[in-house]
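*Asks:* Pasting a structure here, questions to come.
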Amino acid sequence: MEELYYLQDSRTFVGNDVMWWAKDGKGYTTDLRKAHVFTKEAAVRQHNDRETDIPWPKDYIDARTRPAVDHQHVDQDVALSGTGIKLRKPERPKRTPYPCFHCGRFMREEDQYGPCPHCGGDNMP
């Protein structure tokens, strides 16, 4: 059985994804379903012409793939239209009150470890 290869363009990555030669010379892709499959001879020939094109055994790469969704290719409104699902808006987190140990007035979180902005009291326990 003939060994098959993918050809990586090692000059760049997309996030953590490897950039592969696309089918029929149509640029590059991170999607292996769209990647061109080369014979060993063709992959080595291309690597010898341009050292940044790296041949990878297809079986080796196929064993290490994982499903992924690129956020650039999904639209939440389109996906949920007609489903009847209405998304809730996230609730604002409740603020924890930070009272001054001296005057009892509330202060901002970032002021809790310094002097009280109201009375100047030291809030360090």
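Labels used: A, B, ... for chains in the order of the structure tokens, numbers from 1 for residues in each chain, and numbers from 1 for ligands as shown.
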Tell me which protein, DNA and RNA residues are within 8 Å of Gly114 (chain A), counting only C-alpha atoms, leaving out same-chain ones fewer than 2 positions away, and put them as a ChimeraX atom specification.
*Replies:* /A:111-112,116,122-124
*Asks:* Pick out the residues sitting within 12 Å of Met1 (chain A), and hand them over as a PyMOL selection string; count only C-alpha atoms, and ignore anything fewer than 2 positions along from it in its own chain.
*Replies:* chain A and resi 3-4+39-40
*Asks:* If you count only C-alpha atoms, which residues fall within 8 Å of region 10-15 of chain A, apart from same-chain ones fewer than 6 positions away, as a list in words?
*Replies:*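 That gives Thr30, Thr52, Asp53 and Ile54 of chain A.
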*Asks:* Write out as a list in words the residues lying within 10 Å of region 94-98 of chain A, counting only C-alpha atoms and excluding same-chain residues fewer than 5 positions away.
*Replies:*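 The contact residues come out as Gly104, Arg105, Phe106, Met107, Arg108, Glu109, Glu110, Asp111, Gln112 and Tyr113 of chain A.
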*Asks:* How would the residues just chosen look if you wrote them out with N, CA, C and O atoms as a short mmCIF file (atom, residue, chain, number, x, y, z; two decimals), in the first residue's frame?
*Replies:*
data_model
loop_
_atom_site.label_atom_id
_atom_site.label_comp_id
_atom_site.auth_asym_id
_atom_site.auth_seq_id
_atom_site.Cartn_x
_atom_site.Cartn_y
_atom_site.Cartn_z
N GLY A 104 -17.65 52.46 58.95
CA GLY A 104 -18.74 51.58 58.51
C GLY A 104 -19.27 51.86 57.12
O GLY A 104 -20.11 51.13 56.61
N ARG A 105 -18.80 52.92 56.48
CA ARG A 105 -19.28 53.24 55.13
C ARG A 105 -18.66 52.26 54.14
O ARG A 105 -17.56 51.75 54.34
N PHE A 106 -19.40 52.01 53.06
CA PHE A 106 -18.91 51.08 52.05
C PHE A 106 -17.94 51.76 51.11
O PHE A 106 -18.04 52.96 50.85
N MET A 107 -17.00 50.97 50.63
CA MET A 107 -15.99 51.49 49.71
C MET A 107 -15.82 50.51 48.56
O MET A 107 -16.33 49.40 48.60
N ARG A 108 -15.10 50.95 47.55
CA ARG A 108 -14.83 50.10 46.39
C ARG A 108 -13.88 48.98 46.78
O ARG A 108 -13.09 49.12 47.72
N GLU A 109 -13.94 47.89 46.02
CA GLU A 109 -13.07 46.74 46.29
C GLU A 109 -11.60 47.14 46.28
O GLU A 109 -10.83 46.72 47.14
N GLU A 110 -11.20 47.96 45.32
CA GLU A 110 -9.79 48.33 45.21
C GLU A 110 -9.32 49.22 46.36
O GLU A 110 -8.12 49.39 46.58
N ASP A 111 -10.27 49.81 47.15
CA ASP A 111 -9.90 50.66 48.28
C ASP A 111 -9.85 49.91 49.61
O ASP A 111 -9.43 50.47 50.62
N GLN A 112 -10.26 48.65 49.63
CA GLN A 112 -10.44 47.95 50.89
C GLN A 112 -9.16 47.72 51.68
O GLN A 112 -9.20 47.51 52.89
N TYR A 113 -8.00 47.73 51.05
CA TYR A 113 -6.75 47.46 51.77
C TYR A 113 -5.94 48.72 52.07
O TYR A 113 -4.86 48.64 52.63
#
*Asks:* Let's see if you can do this: from backbone DSSP, list all alpha helix (DSSP H) residues in region 12-65 of chain A, as a ChimeraX atom specification.
*Replies:* /A:40-49,58-62
*Asks:* For Phe38 (chain A), find every residue with an atom within 8 Å (counting only C-alpha atoms), except residues of its own chain fewer than 4 positions away, and show them as a VMD selection string.
*Replies:* chain A and resid 4 to 7 42 to 43
*Asks:* Those same residues, written as a short mmCIF file (atom, residue, chain, number, x, y, z; two decimals), in the first residue's frame with C-alpha atoms?
*Replies:*
data_model
loop_
_atom_site.label_atom_id
_atom_site.label_comp_id
_atom_site.auth_asym_id
_atom_site.auth_seq_id
_atom_site.Cartn_x
_atom_site.Cartn_y
_atom_site.Cartn_z
CA LEU A 4 0.29 9.08 1.76
CA TYR A 5 1.32 12.46 3.12
CA TYR A 6 0.01 15.89 4.01
CA LEU A 7 2.24 18.86 3.27
CA ALA A 42 5.44 14.21 -4.58
CA ALA A 43 5.72 15.37 -0.95
#
*Asks:* Check the smallest atom-to-atom distance from each of A:Asp9, A:Lys58, A:Asp70, A:Val18 to Gln46 (chain A) using only C-alpha atoms, then report the winner.
*Replies:*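 The answer is A:Asp9, which sits nearest to Gln46 (chain A).
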*Asks:* Work out how far apart CA of Cys119 (chain A) and CA of Cys103 (chain A) are and give it in Å to one decimal.
*Replies:*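 Here the two named atoms are 6.6 Å from each other.
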*Asks:* Got a sec: who's within 12 Å of Ile61 (chain A), counting only C-alpha atoms, leaving out chain neighbours fewer than 2 positions off, as a ChimeraX atom specification?
*Replies:* /A:4-8,18,20,31-32,35,37,55-59,63-66
*Asks:* Can I get the selection written as a JSON list (two decimals), in the first residue's frame, with C-alpha atoms?
*Replies:*
[["chain", "number", "residue", "atom", "x", "y", "z"],
["A", 4, "LEU", "CA", 0.29, 9.08, 1.76],
["A", 5, "TYR", "CA", 1.32, 12.46, 3.12],
["A", 6, "TYR", "CA", 0.01, 15.89, 4.01],
["A", 7, "LEU", "CA", 2.24, 18.86, 3.27],
["A", 8, "GLN", "CA", 2.60, 21.53, 5.96],
["A", 18, "VAL", "CA", -1.06, 23.64, 11.50],
["A", 20, "TRP", "CA", -1.68, 22.44, 5.29],
["A", 31, "ASP", "CA", -9.07, 21.70, 7.88],
["A", 32, "LEU", "CA", -7.68, 18.25, 7.04],
["A", 35, "ALA", "CA", -6.06, 19.26, 2.69],
["A", 37, "VAL", "CA", -3.03, 14.23, 0.04],
["A", 55, "PRO", "CA", 5.79, 16.27, 4.59],
["A", 56, "TRP", "CA", 3.85, 14.52, 7.36],
["A", 57, "PRO", "CA", 2.64, 10.91, 7.12],
["A", 58, "LYS", "CA", -1.14, 10.98, 6.71],
["A", 59, "ASP", "CA", -1.70, 8.12, 9.19],
["A", 63, "ALA", "CA", -4.40, 9.79, 14.51],
["A", 64, "ARG", "CA", -3.85, 13.21, 16.14],
["A", 65, "THR", "CA", -6.78, 15.21, 14.80],
["A", 66, "ARG", "CA", -9.56, 16.62, 16.94]]
